[in-house]
>>> print(open('protein-v6.txt').read())   # compact mmCIF, C-alpha atoms
# COMPACT_ATOMS: atom_id res chain seq x y z
CA MET A 1 0.00 0.00 0.00
CA SER A 2 1.32 3.46 -0.87
CA LEU A 3 2.64 5.52 2.01
CA LEU A 4 0.77 8.49 0.56
CA HIS A 5 -2.64 6.80 0.63
CA ILE A 6 -5.30 8.28 2.91
CA ASP A 7 -8.01 6.14 4.46
CA GLU A 8 -11.29 8.05 4.68
CA PRO A 9 -14.72 7.21 6.13
CA LEU A 10 -16.54 4.65 4.01
CA PRO A 11 -20.29 4.35 3.41
CA ALA A 12 -22.26 2.99 6.33
CA SER A 13 -22.82 -0.33 4.54
CA THR A 14 -19.07 -0.96 4.34
CA PRO A 15 -17.01 -1.81 7.43
CA ALA A 16 -14.97 1.17 8.56
CA PRO A 17 -11.18 0.92 8.23
CA TRP A 18 -10.70 0.36 11.94
CA GLN A 19 -13.07 -2.63 11.89
CA MET A 20 -10.97 -4.38 9.26
CA ALA A 21 -7.68 -4.14 11.14
CA HIS A 22 -5.99 -5.81 14.08
CA PRO A 23 -6.47 -3.51 17.10
CA LEU A 24 -2.81 -2.48 16.99
CA TRP A 25 -3.33 -0.89 13.57
CA ARG A 26 -6.63 0.87 14.25
CA LEU A 27 -5.22 4.29 15.14
CA GLY A 28 -1.80 5.88 15.16
CA PHE A 29 -1.28 6.14 18.91
CA ARG A 30 -1.30 2.36 19.37
CA PRO A 31 1.88 1.23 17.58
CA PHE A 32 3.77 4.51 17.90
CA TYR A 33 3.28 4.86 21.66
CA LEU A 34 4.23 1.25 22.24
CA LEU A 35 7.36 1.35 20.09
CA ALA A 36 8.43 4.76 21.38
CA ALA A 37 8.25 3.47 24.96
CA LEU A 38 10.15 0.30 24.05
CA PHE A 39 12.79 2.31 22.26
CA ALA A 40 13.09 4.72 25.20
CA ALA A 41 13.54 1.80 27.60
CA LEU A 42 16.31 0.27 25.43
CA SER A 43 18.17 3.27 24.04
CA ILE A 44 19.18 4.98 27.28
CA PRO A 45 20.77 1.82 28.78
CA LEU A 46 22.62 1.34 25.46
CA TRP A 47 23.89 4.90 25.56
CA ILE A 48 24.96 4.65 29.21
CA ALA A 49 26.76 1.35 28.54
CA GLN A 50 28.65 2.93 25.64
CA TYR A 51 29.37 6.11 27.58
CA TYR A 52 31.03 4.23 30.44
CA GLY A 53 32.88 1.81 28.18
CA TRP A 54 30.82 -1.25 29.07
CA LEU A 55 29.75 -1.61 25.43
CA HIS A 56 31.75 -0.97 22.28
CA ALA A 57 29.51 0.05 19.38
CA ALA A 58 30.86 2.57 16.91
CA HIS A 59 27.49 4.08 16.00
CA ILE A 60 26.35 4.72 19.58
CA ASP A 61 28.06 8.04 20.13
CA ALA A 62 26.91 11.42 21.43
CA GLY A 63 25.43 12.31 18.05
CA TRP A 64 23.40 9.09 17.97
CA HIS A 65 22.09 9.72 21.49
CA MET A 66 20.96 13.26 20.71
CA HIS A 67 19.46 12.33 17.37
CA GLU A 68 17.59 9.26 18.51
CA MET A 69 15.94 10.99 21.43
CA ALA A 70 14.72 13.96 19.36
CA PHE A 71 14.12 12.37 15.95
CA GLY A 72 13.49 8.79 17.06
CA MET A 73 11.57 8.47 20.31
CA VAL A 74 9.94 11.91 20.48
CA THR A 75 8.83 12.10 16.85
CA ALA A 76 7.17 8.68 17.15
CA VAL A 77 5.08 9.97 20.04
CA VAL A 78 4.30 13.24 18.23
CA ILE A 79 3.15 11.44 15.08
CA GLY A 80 1.12 8.91 17.05
CA PHE A 81 -0.56 11.72 18.99
CA LEU A 82 -1.26 13.85 15.90
CA PHE A 83 -2.64 10.93 13.87
CA THR A 84 -5.07 10.31 16.71
CA ALA A 85 -5.92 13.95 17.37
CA ALA A 86 -6.36 14.78 13.68
CA ARG A 87 -8.92 11.97 13.38
CA ASN A 88 -10.98 13.79 16.02
CA TRP A 89 -10.31 17.28 14.65
CA THR A 90 -11.24 16.52 11.04
CA GLY A 91 -13.58 13.50 11.11
CA LEU A 92 -11.36 11.92 8.43
CA TRP A 93 -9.27 8.81 8.78
CA THR A 94 -5.58 9.26 9.38
CA PRO A 95 -3.43 6.21 8.47
CA VAL A 96 -4.69 2.82 9.66
CA ARG A 97 -4.09 -0.80 8.68
CA GLY A 98 -1.38 -1.29 6.03
CA HIS A 99 -0.68 2.42 5.63
CA LEU A 100 -0.04 2.79 9.35
CA ALA A 101 2.01 -0.42 9.44
CA ALA A 102 4.15 0.82 6.54
CA LEU A 103 4.92 4.08 8.35
CA VAL A 104 5.75 2.18 11.53
CA ALA A 105 8.05 -0.13 9.52
CA LEU A 106 9.79 2.94 8.06
CA TRP A 107 10.29 4.39 11.54
CA LEU A 108 11.74 1.08 12.74
CA ALA A 109 13.99 0.89 9.67
CA GLY A 110 15.30 4.33 10.59
CA ARG A 111 16.21 3.20 14.08
CA LEU A 112 17.99 0.11 12.80
CA ALA A 113 19.76 2.07 10.08
CA MET A 114 21.03 4.61 12.61
CA LEU A 115 22.60 1.72 14.53
CA TRP A 116 24.10 -0.41 11.78
CA ALA A 117 23.80 1.05 8.27
CA PRO A 118 26.43 3.18 6.51
CA ALA A 119 25.85 6.88 7.15
CA PRO A 120 24.41 7.74 3.69
CA VAL A 121 21.91 4.86 3.90
CA ALA A 122 20.97 5.75 7.48
CA ALA A 123 20.46 9.38 6.48
CA ALA A 124 18.12 8.51 3.60
CA VAL A 125 16.04 5.94 5.49
CA ASP A 126 15.75 7.98 8.68
CA TRP A 127 14.96 11.29 6.97
CA LEU A 128 12.06 9.89 4.90
CA PHE A 129 9.87 9.16 7.91
CA LEU A 130 8.88 12.69 8.90
CA PRO A 131 7.88 13.90 5.41
CA LEU A 132 5.89 10.74 4.68
CA ALA A 133 4.17 10.85 8.09
CA THR A 134 3.43 14.58 7.75
CA TRP A 135 1.83 14.25 4.32
CA PRO A 136 -1.37 12.46 5.44
CA LEU A 137 -1.81 14.94 8.30
CA GLY A 138 -1.61 17.81 5.86
CA ARG A 139 -4.04 16.07 3.51
CA VAL A 140 -6.80 15.52 6.07
CA MET A 141 -6.42 19.04 7.44
CA ALA A 142 -6.63 20.51 3.95
CA GLN A 143 -9.63 18.35 3.03
CA SER A 144 -11.47 19.41 6.17
CA ASN A 145 -10.28 23.04 5.94
CA ASN A 146 -8.87 22.66 9.45
CA LYS A 147 -6.84 25.88 9.26
CA ARG A 148 -6.48 26.16 13.01
CA ASN A 149 -4.02 23.28 13.02
CA TYR A 150 -2.04 24.00 9.86
CA PHE A 151 0.79 25.35 12.01
CA LEU A 152 1.42 21.82 13.34
CA VAL A 153 2.16 20.65 9.80
CA GLY A 154 4.56 23.58 9.49
CA LEU A 155 6.34 22.61 12.72
CA LEU A 156 6.69 19.02 11.51
CA ALA A 157 8.21 20.36 8.30
CA LEU A 158 10.73 22.31 10.40
CA LEU A 159 11.60 19.10 12.23
CA ALA A 160 12.22 17.40 8.89
CA VAL A 161 14.51 20.27 7.85
CA ALA A 162 16.42 20.02 11.14
CA ASN A 163 16.80 16.27 10.69
CA GLY A 164 18.13 16.83 7.17
CA LEU A 165 20.66 19.35 8.47
CA TYR A 166 21.79 16.85 11.11
CA HIS A 167 22.47 14.22 8.45
CA LEU A 168 24.23 16.69 6.16
CA SER A 169 26.45 17.63 9.09
CA THR A 170 27.15 13.97 9.88
CA LEU A 171 28.05 13.27 6.24
CA GLY A 172 30.47 16.19 6.20
CA LEU A 173 28.42 18.08 3.62
CA LEU A 174 27.58 20.96 5.96
CA ALA A 175 29.90 22.82 8.29
CA MET A 176 27.65 22.64 11.32
CA ALA A 177 28.00 20.97 14.70
CA GLN A 178 25.65 17.97 15.11
CA ALA A 179 24.17 19.52 18.24
CA VAL A 180 22.83 22.61 16.44
CA PRO A 181 20.01 20.99 14.40
CA VAL A 182 19.14 18.65 17.28
CA ARG A 183 18.76 21.57 19.68
CA ALA A 184 16.76 23.44 17.05
CA ALA A 185 14.43 20.43 16.84
CA ILE A 186 14.09 20.34 20.62
CA LEU A 187 13.06 24.00 20.67
CA VAL A 188 10.54 23.41 17.86
CA ILE A 189 9.03 20.55 19.88
CA VAL A 190 8.91 22.76 22.99
CA VAL A 191 6.90 25.36 21.03
CA MET A 192 4.63 22.58 19.73
CA GLU A 193 4.03 21.06 23.17
CA SER A 194 3.40 24.50 24.66
CA ALA A 195 0.81 25.26 21.98
CA ILE A 196 -0.97 21.97 22.61
CA ALA A 197 -0.79 22.40 26.39
CA THR A 198 -2.28 25.87 26.03
CA ARG A 199 -5.37 24.28 24.50
CA VAL A 200 -5.77 21.18 26.64
CA LEU A 201 -4.33 21.78 30.11
CA PRO A 202 -6.96 24.28 31.28
CA MET A 203 -9.71 22.04 29.87
CA PHE A 204 -8.25 18.90 31.45
CA THR A 205 -7.94 20.74 34.76
CA ARG A 206 -11.49 22.04 34.71
CA ASN A 207 -12.90 18.62 33.80
CA GLY A 208 -10.65 16.49 36.00
CA ALA A 209 -10.45 18.52 39.20
CA PRO A 210 -13.89 19.72 40.33
CA GLY A 211 -13.83 23.17 41.86
CA THR A 212 -11.08 24.50 39.65
CA ASP A 213 -11.54 27.46 37.34
CA PRO A 214 -8.36 27.88 35.26
CA VAL A 215 -7.69 31.39 33.99
CA VAL A 216 -7.33 31.55 30.21
CA ARG A 217 -6.22 34.79 28.59
CA PRO A 218 -5.85 34.33 24.80
CA MET A 219 -3.64 37.39 24.32
CA ARG A 220 -1.25 36.29 27.06
CA ASP A 221 -1.17 32.80 25.54
CA ARG A 222 -0.21 34.24 22.15
CA VAL A 223 2.51 36.41 23.67
CA SER A 224 3.89 33.42 25.55
CA LEU A 225 4.09 31.28 22.42
CA GLY A 226 5.64 34.21 20.57
CA LEU A 227 8.33 34.63 23.23
CA LEU A 228 9.12 30.90 23.13
CA ALA A 229 9.42 31.04 19.35
CA ALA A 230 11.59 34.17 19.54
CA THR A 231 13.85 32.51 22.10
CA ALA A 232 14.20 29.47 19.86
CA LEU A 233 15.05 31.63 16.84
CA ALA A 234 17.60 33.64 18.81
CA TRP A 235 19.30 30.51 20.10
CA VAL A 236 19.39 28.76 16.73
CA ALA A 237 20.64 31.92 15.00
CA GLY A 238 23.47 32.26 17.52
CA ALA A 239 22.28 35.65 18.73
CA PRO A 240 24.41 37.28 21.44
CA GLY A 241 23.63 36.51 25.06
CA TRP A 242 22.40 40.03 25.76
CA LEU A 243 19.53 39.34 23.34
CA THR A 244 18.85 35.63 23.92
CA ALA A 245 18.95 35.78 27.72
CA PRO A 246 16.20 38.43 28.19
CA LEU A 247 13.98 36.64 25.68
CA ALA A 248 14.46 33.33 27.49
CA LEU A 249 13.84 34.92 30.90
CA ALA A 250 10.65 36.59 29.68
CA ALA A 251 9.47 33.37 28.01
CA GLY A 252 10.12 31.33 31.15
CA ALA A 253 8.45 33.83 33.44
CA LEU A 254 5.31 34.02 31.30
CA VAL A 255 5.10 30.22 31.10
CA LEU A 256 5.04 30.06 34.91
CA VAL A 257 2.57 32.96 35.20
CA ARG A 258 0.18 31.20 32.85
CA LEU A 259 0.64 27.91 34.69
CA ALA A 260 -0.18 29.61 38.01
CA GLY A 261 -3.46 30.77 36.47
CA TRP A 262 -4.33 27.16 35.64
CA GLN A 263 -4.40 26.42 39.38
CA PRO A 264 -1.78 23.65 39.70
CA HIS A 265 -2.09 23.77 43.49
CA LYS A 266 -5.56 22.23 43.18
CA VAL A 267 -4.60 19.14 41.16
CA TRP A 268 -2.15 17.27 43.41
CA HIS A 269 -4.75 14.62 44.17
CA VAL A 270 -5.10 13.80 40.44
CA PRO A 271 -1.91 12.20 39.04
CA LEU A 272 -3.05 12.56 35.41
CA LEU A 273 -3.16 16.32 36.00
CA TRP A 274 -0.20 17.01 38.27
CA VAL A 275 2.19 15.22 35.92
CA LEU A 276 1.13 17.56 33.09
CA HIS A 277 1.28 20.70 35.24
CA LEU A 278 4.68 19.81 36.69
CA SER A 279 6.07 18.89 33.28
CA TYR A 280 4.82 22.14 31.79
CA ALA A 281 6.59 24.00 34.62
CA TRP A 282 9.87 22.50 33.37
CA ILE A 283 9.53 24.64 30.22
CA GLY A 284 9.83 27.71 32.43
CA VAL A 285 12.78 26.20 34.30
CA GLY A 286 14.43 25.24 31.03
CA CYS A 287 14.05 28.80 29.70
CA PHE A 288 15.69 30.21 32.83
CA LEU A 289 18.58 27.77 32.48
CA LEU A 290 18.80 28.64 28.77
CA ALA A 291 19.21 32.29 29.73
CA GLY A 292 22.09 31.35 32.01
CA ALA A 293 23.64 29.25 29.25
CA ALA A 294 23.32 32.12 26.75
CA LEU A 295 25.33 34.32 29.12
CA GLY A 296 27.92 31.61 29.69
CA TRP A 297 27.02 31.14 33.33
CA LEU A 298 25.60 27.62 33.08
CA PRO A 299 26.24 24.56 30.91
CA THR A 300 23.97 24.30 27.88
CA SER A 301 23.35 20.65 28.75
CA ALA A 302 21.45 21.64 31.91
CA ALA A 303 19.01 23.78 29.95
CA PHE A 304 18.35 21.26 27.21
CA HIS A 305 17.93 18.33 29.60
CA ALA A 306 15.43 20.38 31.62
CA LEU A 307 13.50 20.87 28.38
CA THR A 308 13.86 17.27 27.17
CA VAL A 309 13.71 15.05 30.26
CA GLY A 310 11.70 17.47 32.39
CA SER A 311 9.11 19.00 30.10
CA MET A 312 9.16 16.85 26.98
CA THR A 313 9.40 13.41 28.56
CA GLY A 314 7.17 14.39 31.48
CA LEU A 315 4.45 15.54 29.09
CA ILE A 316 4.98 12.43 26.96
CA ILE A 317 4.52 9.99 29.84
CA GLY A 318 1.47 11.95 31.02
CA MET A 319 -0.14 12.14 27.59
CA ILE A 320 0.59 8.60 26.41
CA THR A 321 -1.10 7.25 29.52
CA ARG A 322 -4.03 9.65 29.31
CA THR A 323 -4.70 9.24 25.59
CA THR A 324 -4.26 5.48 25.75
CA LEU A 325 -6.85 5.23 28.49
CA GLY A 326 -9.27 7.59 26.77
CA HIS A 327 -8.91 6.13 23.28
CA THR A 328 -9.27 2.53 24.45
CA GLY A 329 -12.55 3.34 26.21
CA ARG A 330 -11.18 3.20 29.75
CA PRO A 331 -11.88 5.68 32.56
CA LEU A 332 -9.28 8.41 33.07
CA LYS A 333 -8.07 6.98 36.37
CA VAL A 334 -4.62 5.68 37.18
CA GLY A 335 -3.15 3.46 39.88
CA ARG A 336 0.17 2.95 41.61
CA ALA A 337 1.99 1.91 38.44
CA GLU A 338 1.21 5.18 36.66
CA PHE A 339 1.99 7.21 39.78
CA ALA A 340 5.39 5.49 39.87
CA MET A 341 6.00 6.23 36.17
CA PHE A 342 5.21 9.90 36.64
CA ALA A 343 7.32 10.24 39.79
CA LEU A 344 10.26 8.39 38.24
CA ILE A 345 10.39 10.69 35.21
CA GLN A 346 10.31 13.77 37.44
CA ALA A 347 13.04 12.33 39.67
CA GLY A 348 15.05 11.43 36.58
CA ALA A 349 14.72 14.99 35.27
CA LEU A 350 16.00 16.44 38.53
CA ALA A 351 18.92 13.99 38.54
CA ARG A 352 19.80 14.68 34.90
CA VAL A 353 19.87 18.45 35.37
CA ALA A 354 21.88 17.94 38.56
CA ALA A 355 24.34 15.77 36.60
CA ALA A 356 24.83 18.60 34.11
CA LEU A 357 25.51 21.07 36.92
CA ALA A 358 27.46 18.78 39.25
CA THR A 359 31.19 18.40 39.77
CA ASP A 360 32.86 15.23 38.51
CA GLY A 361 32.54 13.46 41.86
CA LEU A 362 28.73 13.69 41.87
CA ARG A 363 28.03 13.65 38.15
CA ASP A 364 28.28 9.91 37.58
CA GLY A 365 25.89 9.03 40.39
CA ALA A 366 23.31 11.56 39.23
CA LEU A 367 23.60 10.43 35.61
CA LEU A 368 23.14 6.75 36.49
CA LEU A 369 20.20 7.57 38.76
CA SER A 370 18.54 9.55 35.98
CA ALA A 371 19.03 6.72 33.48
CA ALA A 372 17.63 4.17 35.93
CA CYS A 373 14.52 6.28 36.65
CA TRP A 374 13.91 6.82 32.92
CA THR A 375 14.32 3.15 32.04
CA VAL A 376 12.12 1.78 34.82
CA ALA A 377 9.36 4.29 33.98
CA PHE A 378 9.18 3.25 30.32
CA VAL A 379 9.51 -0.46 31.07
CA ALA A 380 6.55 -0.05 33.43
CA TYR A 381 4.55 1.69 30.70
CA VAL A 382 5.19 -1.15 28.24
CA ILE A 383 4.21 -3.82 30.76
CA VAL A 384 1.03 -2.09 31.93
CA TYR A 385 -0.16 -0.63 28.61
CA LEU A 386 0.73 -3.34 26.10
CA PRO A 387 -2.63 -5.11 26.69
CA TYR A 388 -4.51 -1.84 26.25
CA LEU A 389 -2.71 -0.89 23.04
CA SER A 390 -2.95 -4.32 21.42
CA ARG A 391 -6.62 -5.06 22.17
CA ALA A 392 -9.85 -3.56 20.88
CA ARG A 393 -11.53 -0.70 22.71
CA ILE A 394 -13.57 -2.02 25.58
CA ASP A 395 -16.56 0.15 24.56
CA GLY A 396 -16.61 -1.14 20.96
CA ASN A 397 -16.08 2.29 19.40
CA ALA A 398 -13.63 3.19 16.64
CA GLY A 399 -9.98 3.64 17.43
>>> encode(input="protein-v6.txt", output="structure tokens")
Amino acid sequence: MSLLHIDEPLPASTPAPWQMAHPLWRLGFRPFYLLAALFAALSIPLWIAQYYGWLHAAHIDAGWHMHEMAFGMVTAVVIGFLFTAARNWTGLWTPVRGHLAALVALWLAGRLAMLWAPAPVAAAVDWLFLPLATWPLGRVMAQSNNKRNYFLVGLLALLAVANGLYHLSTLGLLAMAQAVPVRAAILVIVVMESAIATRVLPMFTRNGAPGTDPVVRPMRDRVSLGLLAATALAWVAGAPGWLTAPLALAAGALVLVRLAGWQPHKVWHVPLLWVLHLSYAWIGVGCFLLAGAALGWLPTSAAFHALTVGSMTGLIIGMITRTTLGHTGRPLKVGRAEFAMFALIQAGALARVAAALATDGLRDGALLLSAACWTVAFVAYVIVYLPYLSRARIDGNAG
């Protein structure tokens, strides 16, 4: 089946696409969440083993680690989420069945190629995934005239450009450090997750924590997103610290002001909410650390790990549990396993930022603690959620 094919609703007399597929291939979140969690649980131990000399694999270097977190694990979650969300937004079918399986196979081929294939082959195979996964999203949004979400297609296109620049750098065809396009991609994803959180966090809070009344100010939201985007542009363009630092400080402060208006102090009894609020707060922390890095006061690693492990991974673990429960027909309630996942990612984020800031004597312990927290959290997700992702919805609905 062509990767560019779009499945659309069929006449009522014909079984819908989801009815003709194994449950795993009925909606994008199912295979992509599962494989992203598996990859997360495997890739960090591999990287740590290589870093400390316990494993000798030529391809598992610092560039591989950065790339595979941003363009491997995170993009799988983003595509799985957007395939699922776009189905709701547009009423049209995003990839299912063979089309979805082909995209998943391409993503897997990219991960394997990045480990074992020659660099030109790895670049071609890995780079193809984002454009071919973005195309059906753009198609359904255009067909439904869903202009409100066109910007997400644009952000995915920017991620594809950043991935291309990374590979050109790796192949020696572009005089650019590998870290530059990866960090650009991270900042694009931060803007994307902030935009999505702006829409859903107040609503989730109002619906999930009775008695709350989150404050939503559209103009302040737009300014906040604009400041985050300006900070990202300044950093990627290599603007001087006197320009980047104030932008980052203002962006971080406004993120936390907005979060305070969403009443995070009233959600601590609801794990599905506090994990999202706390993870969103890491964007503000990451911006403050980015300001320090722009002025040369702090290591850049601290800022980017606050944004990746703290905000990005925290929001991922919160959303892949929430959307899996909701889209498999289960109540939005979690138990001890999910609480442990959420707490482990937050502890891992603290440890990873501490490792970036620590002296040599403390760095190794903090780094190993962070890796252990990360790995256990994602192993727990796979164990608990594999049955949900691989079985039909319990309410018999589509998805």
>>> closest_atom_pairs(input="protein-v6.txt", of="stretch 121-147 of chain A", to="stretch 54-68 of chain A", cutoff="12 Å", atoms="only C-alpha atoms", output="Markdown table")
| residue | atom | partner | partner_atom | distance |
| --- | --- | --- | --- | --- |
| A:Ala122 | CA | A:His59 | CA | 10.9 |
| A:Ala123 | CA | A:His67 | CA | 11.3 |
| A:Asp126 | CA | A:Glu68 | CA | 10.1 |
| A:Trp127 | CA | A:His67 | CA | 11.4 |
>>> atom_distance(input="protein-v6.txt", atom1="atom CA of A:Ala40", atom2="atom CA of A:Gly335")
21.9 Å
>>> atom_distance(input="protein-v6.txt", atom1="atom CA of A:Gly348", atom2="atom CA of A:Thr375")
9.5 Å
>>> atom_distance(input="protein-v6.txt", atom1="atom CA of A:Pro202", atom2="atom CA of A:Arg330")
21.6 Å
>>> closest_residue(input="protein-v6.txt", among="A:Pro136, A:Pro214, A:Gly80, A:Gly72", to="A:Met114", atoms="all atoms listed in the file")
A:Gly72
